[in-house]
>>> print(open('run.txt').read())   # compact mmCIF, C-alpha atoms and all ligand atoms
# COMPACT_ATOMS: atom_id res chain seq x y z
CA MET A 21 0.00 0.00 0.00
CA ALA A 22 1.34 3.48 -0.96
CA PRO A 23 2.14 5.81 1.98
CA VAL A 24 -0.75 8.10 2.90
CA GLU A 25 -0.22 11.77 2.03
CA PRO A 26 -0.90 14.41 4.70
CA VAL A 27 -4.41 15.88 4.62
CA ARG A 28 -3.99 19.57 3.75
CA ARG A 29 -7.19 20.41 1.94
CA VAL A 30 -10.67 19.14 2.86
CA ALA A 31 -14.14 19.54 1.35
CA VAL A 32 -17.11 19.32 3.73
CA LEU A 33 -20.32 18.51 1.86
CA GLY A 34 -23.34 19.59 3.91
CA ALA A 35 -23.66 22.89 5.80
CA GLY A 36 -26.10 21.85 8.51
CA SER A 37 -25.20 22.08 12.19
CA TRP A 38 -22.54 19.36 12.24
CA GLY A 39 -21.11 19.98 8.76
CA THR A 40 -20.62 23.68 9.52
CA THR A 41 -19.18 22.97 12.98
CA PHE A 42 -16.81 20.32 11.64
CA ALA A 43 -15.66 22.71 8.90
CA LYS A 44 -14.86 25.23 11.66
CA VAL A 45 -12.87 22.54 13.54
CA LEU A 46 -10.84 21.78 10.40
CA ALA A 47 -10.19 25.47 9.73
CA ASP A 48 -9.17 26.01 13.36
CA ALA A 49 -6.78 23.05 12.96
CA GLY A 50 -5.05 24.94 10.13
CA THR A 51 -6.52 22.78 7.36
CA GLU A 52 -7.77 24.45 4.19
CA VAL A 53 -11.55 23.89 4.00
CA ARG A 54 -14.32 24.37 1.45
CA LEU A 55 -17.87 23.92 2.70
CA TRP A 56 -20.68 22.97 0.31
CA ALA A 57 -24.14 24.27 1.14
CA ARG A 58 -27.25 23.02 -0.64
CA ARG A 59 -28.73 26.52 -0.68
CA ARG A 60 -26.82 29.41 -2.27
CA GLU A 61 -28.05 31.87 0.40
CA VAL A 62 -26.40 29.76 3.13
CA ALA A 63 -23.07 29.79 1.25
CA ASP A 64 -23.41 33.54 0.69
CA GLU A 65 -24.15 34.18 4.37
CA ILE A 66 -21.09 32.14 5.44
CA ASN A 67 -18.80 34.00 3.00
CA ALA A 68 -20.16 37.49 3.61
CA GLU A 69 -20.99 37.39 7.34
CA ARG A 70 -18.97 34.43 8.69
CA ARG A 71 -22.07 32.86 10.20
CA ASN A 72 -24.69 30.21 9.44
CA GLY A 73 -27.60 31.68 11.38
CA GLY A 74 -30.15 29.01 10.46
CA TYR A 75 -28.10 26.20 12.03
CA LEU A 76 -25.59 27.82 14.40
CA PRO A 77 -27.03 31.10 15.65
CA GLY A 78 -24.48 33.31 17.40
CA VAL A 79 -21.42 31.37 16.21
CA GLU A 80 -18.67 33.29 14.43
CA LEU A 81 -17.00 31.17 11.75
CA PRO A 82 -13.26 31.38 11.03
CA GLU A 83 -12.00 33.83 8.41
CA GLY A 84 -10.47 31.09 6.25
CA LEU A 85 -13.68 29.04 5.95
CA ARG A 86 -15.04 29.42 2.42
CA ALA A 87 -18.44 28.13 1.30
CA THR A 88 -19.91 27.37 -2.11
CA ASP A 89 -23.09 25.82 -3.51
CA ASP A 90 -21.03 24.14 -6.25
CA ALA A 91 -19.94 20.65 -5.13
CA ALA A 92 -17.36 20.32 -7.94
CA GLU A 93 -15.67 23.53 -6.78
CA ALA A 94 -15.75 22.33 -3.15
CA VAL A 95 -14.07 18.97 -3.82
CA HIS A 96 -11.51 20.19 -6.40
CA GLY A 97 -8.04 19.16 -5.21
CA ALA A 98 -9.31 17.86 -1.84
CA ASP A 99 -7.25 15.25 0.05
CA ALA A 100 -10.38 14.30 2.01
CA VAL A 101 -14.09 14.73 1.34
CA VAL A 102 -16.29 14.86 4.44
CA LEU A 103 -19.91 13.80 3.95
CA ALA A 104 -22.17 15.73 6.33
CA VAL A 105 -25.68 15.01 5.06
CA PRO A 106 -28.42 12.89 6.70
CA SER A 107 -27.88 9.14 6.45
CA GLN A 108 -31.08 8.45 4.51
CA THR A 109 -30.10 10.92 1.77
CA LEU A 110 -26.37 10.11 1.61
CA ARG A 111 -26.71 7.58 -1.24
CA GLU A 112 -28.57 10.03 -3.46
CA ASN A 113 -26.29 12.96 -2.56
CA LEU A 114 -23.12 10.95 -3.13
CA ALA A 115 -24.32 9.55 -6.48
CA GLY A 116 -24.54 13.15 -7.69
CA TRP A 117 -21.04 13.98 -6.41
CA GLN A 118 -19.33 10.74 -7.47
CA PRO A 119 -18.19 11.96 -10.93
CA VAL A 120 -16.24 14.89 -9.41
CA LEU A 121 -14.62 13.15 -6.42
CA PRO A 122 -10.79 13.32 -6.45
CA PRO A 123 -9.48 9.80 -7.21
CA GLU A 124 -7.31 9.35 -4.09
CA ALA A 125 -9.27 11.34 -1.51
CA THR A 126 -10.27 9.81 1.83
CA LEU A 127 -14.08 9.77 2.06
CA VAL A 128 -15.19 10.59 5.60
CA SER A 129 -18.70 10.03 6.93
CA LEU A 130 -20.12 12.17 9.74
CA ALA A 131 -23.59 10.59 9.51
CA LYS A 132 -25.00 8.39 12.26
CA GLY A 133 -27.57 6.02 10.85
CA VAL A 134 -28.35 2.75 9.07
CA GLU A 135 -29.88 2.98 5.58
CA LEU A 136 -33.53 1.91 5.51
CA SER A 137 -33.66 0.37 2.03
CA THR A 138 -30.49 -1.78 2.34
CA LEU A 139 -29.73 -1.93 6.11
CA HIS A 140 -26.21 -0.83 5.20
CA ARG A 141 -23.95 1.31 7.37
CA MET A 142 -22.81 4.63 5.91
CA SER A 143 -19.30 3.37 5.09
CA GLN A 144 -20.86 0.54 3.09
CA VAL A 145 -23.06 3.01 1.20
CA ILE A 146 -19.98 5.13 0.46
CA GLY A 147 -17.95 2.13 -0.72
CA GLU A 148 -20.76 1.08 -3.06
CA VAL A 149 -21.71 4.46 -4.51
CA ALA A 150 -18.20 5.93 -4.83
CA ASP A 151 -16.81 2.54 -5.86
CA VAL A 152 -13.76 2.82 -3.60
CA PRO A 153 -12.01 0.21 -1.42
CA MET A 154 -13.00 0.32 2.28
CA ASP A 155 -9.51 1.39 3.36
CA ARG A 156 -10.25 4.76 1.78
CA VAL A 157 -13.43 5.24 3.85
CA ALA A 158 -13.36 6.79 7.33
CA VAL A 159 -15.91 7.74 9.95
CA VAL A 160 -15.86 10.45 12.64
CA SER A 161 -18.05 9.67 15.64
CA GLY A 162 -18.10 10.46 19.34
CA PRO A 163 -19.86 12.59 21.97
CA ASN A 164 -20.05 15.52 19.58
CA LEU A 165 -23.04 17.79 20.10
CA ALA A 166 -22.41 20.41 17.41
CA VAL A 167 -23.52 23.43 19.41
CA GLU A 168 -21.01 22.71 22.22
CA ILE A 169 -18.14 22.15 19.80
CA ALA A 170 -19.01 25.31 17.85
CA ALA A 171 -18.61 27.11 21.20
CA GLU A 172 -15.17 25.46 21.48
CA GLN A 173 -16.05 23.43 24.57
CA PRO A 174 -13.49 20.60 24.93
CA THR A 175 -14.48 17.21 23.55
CA ALA A 176 -12.93 14.03 22.21
CA THR A 177 -13.95 11.93 19.24
CA VAL A 178 -12.89 8.94 17.15
CA VAL A 179 -11.58 8.87 13.58
CA ALA A 180 -12.14 5.31 12.41
CA CYS A 181 -10.66 3.83 9.24
CA PRO A 182 -9.53 0.28 8.38
CA ASP A 183 -6.29 1.92 7.14
CA HIS A 184 -4.66 3.12 10.37
CA ASP A 185 -2.26 5.50 8.55
CA ARG A 186 -5.15 7.20 6.81
CA ALA A 187 -6.93 7.60 10.17
CA VAL A 188 -3.78 9.19 11.62
CA ALA A 189 -3.50 11.61 8.66
CA PHE A 190 -7.10 12.73 9.13
CA GLN A 191 -6.71 12.84 12.93
CA ARG A 192 -3.94 15.44 12.42
CA ALA A 193 -6.11 17.48 10.08
CA CYS A 194 -8.90 17.91 12.65
CA SER A 195 -7.00 18.22 15.97
CA THR A 196 -7.47 21.53 17.77
CA SER A 197 -7.07 22.84 21.32
CA TYR A 198 -10.76 21.97 21.97
CA PHE A 199 -11.25 18.90 19.73
CA ARG A 200 -9.21 15.76 20.42
CA PRO A 201 -9.61 12.86 17.96
CA TYR A 202 -8.45 9.31 18.74
CA THR A 203 -8.05 6.68 16.03
CA ASN A 204 -9.69 3.28 15.69
CA VAL A 205 -9.86 0.64 12.95
CA ASP A 206 -13.23 -0.86 13.97
CA LEU A 207 -15.60 0.80 11.48
CA ILE A 208 -18.46 -1.60 12.27
CA GLY A 209 -18.40 -0.93 16.01
CA ILE A 210 -17.98 2.84 15.63
CA GLU A 211 -20.82 3.14 13.11
CA LEU A 212 -23.28 0.90 14.92
CA SER A 213 -22.61 2.79 18.14
CA GLY A 214 -23.46 6.08 16.44
CA ALA A 215 -26.62 4.78 14.82
CA CYS A 216 -27.98 2.92 17.88
CA LYS A 217 -27.34 5.70 20.42
CA ASN A 218 -29.85 7.90 18.56
CA VAL A 219 -32.52 5.24 19.09
CA ILE A 220 -31.70 4.84 22.78
CA ALA A 221 -31.75 8.66 23.12
CA LEU A 222 -35.29 8.67 21.73
CA ALA A 223 -36.23 6.18 24.47
CA CYS A 224 -34.52 8.33 27.13
CA GLY A 225 -36.34 11.38 25.86
CA MET A 226 -39.65 9.54 26.09
CA ALA A 227 -38.83 8.64 29.69
CA VAL A 228 -38.07 12.30 30.47
CA GLY A 229 -41.31 13.37 28.79
CA LEU A 230 -43.22 10.85 30.88
CA GLY A 231 -41.75 12.48 34.00
CA PHE A 232 -39.27 9.74 34.92
CA GLY A 233 -35.89 10.61 36.49
CA ASP A 234 -32.24 9.65 36.30
CA ASN A 235 -32.61 6.02 37.41
CA THR A 236 -34.81 5.37 34.38
CA ALA A 237 -32.39 7.19 32.04
CA SER A 238 -29.42 5.31 33.45
CA SER A 239 -31.20 1.96 33.12
CA LEU A 240 -32.03 2.73 29.48
CA ILE A 241 -28.44 3.83 28.77
CA THR A 242 -26.98 0.67 30.31
CA ARG A 243 -29.41 -1.77 28.75
CA GLY A 244 -29.21 0.22 25.50
CA LEU A 245 -25.46 -0.29 25.50
CA ALA A 246 -25.99 -4.02 26.11
CA GLU A 247 -28.30 -4.42 23.12
CA THR A 248 -26.07 -2.26 20.88
CA THR A 249 -23.07 -4.39 21.83
CA ARG A 250 -25.00 -7.62 21.12
CA LEU A 251 -25.85 -6.38 17.61
CA GLY A 252 -22.34 -5.09 16.98
CA VAL A 253 -20.66 -8.31 18.03
CA ALA A 254 -23.06 -10.32 15.82
CA LEU A 255 -21.98 -8.13 12.89
CA GLY A 256 -18.26 -8.55 13.62
CA ALA A 257 -17.44 -5.48 15.75
CA GLU A 258 -14.87 -5.46 18.57
CA PRO A 259 -16.77 -5.58 21.91
CA MET A 260 -14.43 -3.01 23.52
CA THR A 261 -15.38 -0.37 20.95
CA PHE A 262 -18.75 -0.02 22.70
CA ALA A 263 -17.03 1.05 25.93
CA GLY A 264 -15.23 3.87 24.08
CA LEU A 265 -15.97 7.45 23.07
CA ALA A 266 -18.17 6.55 20.11
CA GLY A 267 -19.97 3.92 22.20
CA LEU A 268 -20.68 4.73 25.83
CA GLY A 269 -19.34 8.28 25.42
CA ASP A 270 -21.76 9.30 22.71
CA LEU A 271 -24.61 7.32 24.26
CA VAL A 272 -24.33 9.24 27.54
CA ALA A 273 -23.96 12.64 25.83
CA THR A 274 -26.94 12.11 23.56
CA CYS A 275 -29.24 10.52 26.13
CA MET A 276 -28.52 13.12 28.83
CA SER A 277 -28.32 16.36 26.83
CA PRO A 278 -31.31 18.60 26.18
CA LEU A 279 -29.29 19.76 23.12
CA SER A 280 -29.74 16.36 21.47
CA ARG A 281 -32.35 16.41 18.72
CA ASN A 282 -33.09 12.73 19.24
CA ARG A 283 -33.64 13.06 22.97
CA THR A 284 -35.75 16.20 22.43
CA PHE A 285 -37.83 14.39 19.81
CA GLY A 286 -38.44 11.53 22.23
CA GLU A 287 -39.30 13.94 25.04
CA ARG A 288 -42.00 15.49 22.89
CA LEU A 289 -43.46 12.04 22.19
CA GLY A 290 -43.34 11.27 25.92
CA ARG A 291 -45.30 14.45 26.61
CA GLY A 292 -48.02 13.28 24.24
CA GLU A 293 -47.11 14.95 20.95
CA THR A 294 -47.49 12.99 17.74
CA VAL A 295 -44.54 12.08 15.51
CA ALA A 296 -45.72 14.70 12.99
CA GLU A 297 -45.83 17.38 15.71
CA ALA A 298 -42.35 16.48 16.98
CA GLN A 299 -41.09 16.53 13.38
CA ARG A 300 -42.50 20.02 12.80
CA ALA A 301 -40.85 21.25 16.01
CA ALA A 302 -37.44 20.02 14.73
CA HIS A 303 -37.56 22.75 12.02
CA GLY A 304 -36.08 20.53 9.33
CA GLN A 305 -33.12 19.31 11.41
CA VAL A 306 -32.63 15.58 11.36
CA ALA A 307 -33.36 13.25 14.34
CA GLU A 308 -31.75 10.19 12.76
CA GLY A 309 -33.09 7.66 15.26
CA VAL A 310 -36.66 8.07 14.01
CA LYS A 311 -35.74 6.26 10.80
CA SER A 312 -32.81 4.20 12.05
CA CYS A 313 -34.95 2.54 14.74
CA SER A 314 -36.64 0.66 11.89
CA SER A 315 -33.48 -0.32 10.00
CA ILE A 316 -31.72 -1.33 13.22
CA ARG A 317 -34.70 -3.43 14.30
CA GLN A 318 -34.64 -5.19 10.90
CA LEU A 319 -30.88 -5.71 11.15
CA ALA A 320 -31.35 -7.22 14.61
CA ALA A 321 -34.05 -9.57 13.29
CA ARG A 322 -31.79 -10.62 10.41
CA TYR A 323 -28.98 -11.54 12.84
CA GLY A 324 -31.28 -13.06 15.49
CA VAL A 325 -30.34 -10.39 18.09
CA GLU A 326 -32.78 -9.28 20.77
CA MET A 327 -33.09 -5.44 20.92
CA PRO A 328 -36.14 -4.72 23.06
CA ILE A 329 -35.55 -0.95 23.40
CA ALA A 330 -35.09 -0.43 19.65
CA ASP A 331 -38.19 -2.55 19.11
CA VAL A 332 -40.47 -0.40 21.30
CA VAL A 333 -38.96 2.85 19.92
CA HIS A 334 -39.83 1.64 16.41
CA ARG A 335 -43.37 0.77 17.50
CA VAL A 336 -43.87 4.17 19.18
CA CYS A 337 -42.51 6.06 16.16
CA HIS A 338 -44.18 4.00 13.43
CA GLU A 339 -46.93 1.75 14.77
CA GLY A 340 -48.88 3.98 17.16
CA LEU A 341 -47.72 2.43 20.45
CA ALA A 342 -47.89 5.10 23.19
CA PRO A 343 -44.74 5.73 25.31
CA ALA A 344 -46.41 4.86 28.65
CA PRO A 345 -47.47 1.30 27.67
CA ALA A 346 -44.10 0.91 25.92
CA ALA A 347 -42.41 1.46 29.30
CA VAL A 348 -44.75 -1.02 30.98
CA GLU A 349 -43.95 -3.55 28.29
CA LEU A 350 -40.17 -3.15 28.70
CA LEU A 351 -40.40 -3.61 32.46
CA GLY A 352 -42.79 -6.56 32.17
CA ARG A 353 -40.50 -8.68 30.02
CA GLU A 354 -39.36 -12.11 31.15
CA ARG A 355 -36.94 -11.86 34.11
CA LYS A 356 -33.35 -12.81 33.29
CA PRO A 357 -29.74 -12.52 34.52
CA GLU A 358 -27.81 -9.40 33.57
N1 LIG B 1 -25.68 18.01 14.86
C1 LIG B 1 -24.88 17.29 15.63
O1 LIG B 1 -24.62 17.62 16.79
C2 LIG B 1 -24.25 16.04 15.07
C3 LIG B 1 -23.10 15.56 15.68
C4 LIG B 1 -22.52 14.38 15.20
C5 LIG B 1 -23.09 13.74 14.12
N2 LIG B 1 -24.19 14.25 13.53
C6 LIG B 1 -24.71 13.52 12.38
O2 LIG B 1 -24.33 14.23 11.20
C7 LIG B 1 -25.30 14.05 10.16
C8 LIG B 1 -25.72 15.41 9.65
O3 LIG B 1 -26.28 16.08 10.78
P1 LIG B 1 -26.49 17.63 10.91
O4 LIG B 1 -26.64 17.88 12.35
O5 LIG B 1 -25.51 18.42 10.18
O6 LIG B 1 -27.92 17.71 10.20
P2 LIG B 1 -28.76 18.98 9.81
O7 LIG B 1 -30.18 18.55 9.69
O8 LIG B 1 -28.40 20.10 10.72
O9 LIG B 1 -28.18 19.35 8.35
C9 LIG B 1 -28.24 18.45 7.26
C10 LIG B 1 -27.55 19.08 6.07
O10 LIG B 1 -27.64 18.22 4.95
C11 LIG B 1 -28.09 18.96 3.82
N3 LIG B 1 -28.77 18.10 2.85
C12 LIG B 1 -28.28 17.78 1.65
N4 LIG B 1 -29.13 17.00 1.00
C13 LIG B 1 -30.19 16.82 1.79
C14 LIG B 1 -31.40 16.12 1.62
N5 LIG B 1 -31.69 15.46 0.49
N6 LIG B 1 -32.27 16.14 2.63
C15 LIG B 1 -31.99 16.80 3.78
N7 LIG B 1 -30.85 17.49 3.99
C16 LIG B 1 -29.95 17.50 2.99
C17 LIG B 1 -28.99 20.04 4.43
O11 LIG B 1 -29.17 21.12 3.51
C18 LIG B 1 -28.20 20.42 5.65
O12 LIG B 1 -27.20 21.33 5.31
C19 LIG B 1 -26.44 13.24 10.82
O13 LIG B 1 -26.30 11.90 10.47
C20 LIG B 1 -26.23 13.41 12.30
O14 LIG B 1 -26.67 12.30 13.06
C21 LIG B 1 -24.78 15.38 13.96
O1 LIG B 2 -28.57 16.01 18.22
P1 LIG B 2 -28.46 14.52 17.96
O2 LIG B 2 -29.43 13.73 18.79
O3 LIG B 2 -28.52 14.22 16.49
O4 LIG B 2 -27.02 14.07 18.46
C1 LIG B 2 -25.90 14.78 18.01
C2 LIG B 2 -24.61 13.99 18.10
O5 LIG B 2 -24.70 12.79 17.40
C3 LIG B 2 -24.13 13.75 19.50
O6 LIG B 2 -22.88 13.12 19.47
>>> encode(input="run.txt", output="structure tokens")
Amino acid sequence: MAPVEPVRRVAVLGAGSWGTTFAKVLADAGTEVRLWARRREVADEINAERRNGGYLPGVELPEGLRATDDAAEAVHGADAVVLAVPSQTLRENLAGWQPVLPPEATLVSLAKGVELSTLHRMSQVIGEVADVPMDRVAVVSGPNLAVEIAAEQPTATVVACPDHDRAVAFQRACSTSYFRPYTNVDLIGIELSGACKNVIALACGMAVGLGFGDNTASSLITRGLAETTRLGVALGAEPMTFAGLAGLGDLVATCMSPLSRNRTFGERLGRGETVAEAQRAAHGQVAEGVKSCSSIRQLAARYGVEMPIADVVHRVCHEGLAPAPAAVELLGRERKPE
């Protein structure tokens, strides 16, 4: 394998809350960044006013961060292309960008989800659509609430890639005084952690909305981690990955933070709102667990893995089960050893 070149220039495709924040992290790390926004007015606002008010109100973006609504311009000459769009639209987005992707660039996913139509993880979708070997595909995942990172509050994360040298090169490109990336080679474990924690956060939110306290949240986090680990191990992940930043770390952050869109969505359901009402309140921002609860439940069925929390979250979100009886059902299951 040829030595991996340093990552000097990066394109971030998707100027929502995480894409914009991650572009700021890269720029603050001294990496040259181009950010692609779907809407021209968002790109114009970033270039003219150094802010993205619709997604990150009050955040001043770095001088060197340039935005464009032209994906070809964004990716031209990039050593890495960061994909920061929702997981259910990644395939379609990437198919449009595929003809202009630089031939040797590392393709980095920020999305946390499992595709509904195929049950594939994001790295698999990228490998298929971009037609690249998996050692060119990386994932960034960890306890990374965008709003906190945009405010430069310290956090750690994981850059995962089957090619360790490539992970190290990207780790360098996104290391700042407030953002500390670790490397990992376990793509399966990192990606399943990120997708499943959104579903468990929906359950935690429902518990909060029902008026339950920290014992309930902690029980859901711990049993959620157990069912995520069961699925991951069945799919070939390293069990220890689930105890790391992208596993337990992200699960705790998302389940406990009122900033989490998934937890907030669940809380609204717990308070009696419908899925449509909770969706309207999200103002177009994605709560990935609402769709991934279904793909993860199907993946679990395919591998014969029991995931009772994901199962009830799916039934609340898509089959009309109310959160209160869902809680009764979870507690009333057959007694068993831990
Ligand atoms: N926001 C966070 O704190 C955070 C942190 C870590 C990971 N993530 C993950 O990153 C991914 C992106 O999240 P985000 O927070 O930036 O989402 P967001 O909803 O804030 O923004 C999504 C972006 O994708 C763009 N987009 C392009 N094509 C689209 C399409 N067809 N439909 C909808 N949007 C489209 C939108 O214009 C927008 O710029 C998600 O998978 C999310 O789970 C988010
Ligand atoms: O706001 P959420 O629920 O999409 O979570 C954001 C990040 O994934 C937290 O790490």
>>> atom_distance(input="run.txt", atom1="CA of Ala57 in chain A", atom2="CA of Gln299 in chain A")
22.3 Å
>>> residues_near_ligand(input="run.txt", ligand="ligand LIG 2 (chain B)", cutoff="7 Å", atoms="all atoms listed in the file", output="list of chain:residue names")
A:Lys132, A:Gly162, A:Pro163, A:Asn164, A:Leu165, A:Ala166, A:Gly214, A:Asn218, A:Asp270, A:Ala273, A:Thr274, A:Leu279, A:Ser280, A:Arg281, A:Asn282, A:Arg283, A:Val306, A:Ala307, A:Glu308
>>> write_last_selection(input="run.txt", atoms="C-alpha atoms", output="PDB file, keeping the file's coordinate frame")
ATOM      1  CA  LYS A 132     -25.000   8.390  12.260  1.00  0.00           C
ATOM      2  CA  GLY A 162     -18.100  10.460  19.340  1.00  0.00           C
ATOM      3  CA  PRO A 163     -19.860  12.590  21.970  1.00  0.00           C
ATOM      4  CA  ASN A 164     -20.050  15.520  19.580  1.00  0.00           C
ATOM      5  CA  LEU A 165     -23.040  17.790  20.100  1.00  0.00           C
ATOM      6  CA  ALA A 166     -22.410  20.410  17.410  1.00  0.00           C
ATOM      7  CA  GLY A 214     -23.460   6.080  16.440  1.00  0.00           C
ATOM      8  CA  ASN A 218     -29.850   7.900  18.560  1.00  0.00           C
ATOM      9  CA  ASP A 270     -21.760   9.300  22.710  1.00  0.00           C
ATOM     10  CA  ALA A 273     -23.960  12.640  25.830  1.00  0.00           C
ATOM     11  CA  THR A 274     -26.940  12.110  23.560  1.00  0.00           C
ATOM     12  CA  LEU A 279     -29.290  19.760  23.120  1.00  0.00           C
ATOM     13  CA  SER A 280     -29.740  16.360  21.470  1.00  0.00           C
ATOM     14  CA  ARG A 281     -32.350  16.410  18.720  1.00  0.00           C
ATOM     15  CA  ASN A 282     -33.090  12.730  19.240  1.00  0.00           C
ATOM     16  CA  ARG A 283     -33.640  13.060  22.970  1.00  0.00           C
ATOM     17  CA  VAL A 306     -32.630  15.580  11.360  1.00  0.00           C
ATOM     18  CA  ALA A 307     -33.360  13.250  14.340  1.00  0.00           C
ATOM     19  CA  GLU A 308     -31.750  10.190  12.760  1.00  0.00           C
TER      20      GLU A 308
END
>>> closest_residue(input="run.txt", among="A:Val160, A:Cys181, A:Ile220, A:Val53", to="ligand LIG 1 (chain B)", atoms="only C-alpha atoms and all ligand atoms")
A:Val160
>>> atom_distance(input="run.txt", atom1="atom C6 of ligand LIG 1 (chain B)", atom2="CA of Val101 in chain A")
15.4 Å
>>> closest_residue(input="run.txt", among="A:Leu351, A:Met260, A:Val45, A:Ile169", to="ligand LIG 1 (chain B)", atoms="all atoms listed in the file")
A:Ile169
>>> residues_around(input="run.txt", residues="range 327-343 of chain A", least_positions_apart="4", cutoff="10 Å", atoms="only C-alpha atoms", output="PyMOL selection string")
chain A and resi 216-223+226-227+229-230+240+243-244+246-248+250-251+286-287+289-292+294-296+309-318+320-321+347-350+353
>>> closest_residue(input="run.txt", among="A:Thr40, A:Thr177, A:Gln305, A:Gln191", to="Pro106 in chain A", atoms="all atoms listed in the file")
A:Gln305
>>> atom_distance(input="run.txt", atom1="CA of Val149 in chain A", atom2="CA of Trp117 in chain A")
9.7 Å
>>> axis_aligned_box(input="run.txt", around="range 343-357 of chain A", padding_each_side="4 Å", output="AutoDock Vina command-line options")
--center_x -38.6 --center_y -3.5 --center_z 29.9 --size_x 25.7 --size_y 26.5 --size_z 17.2
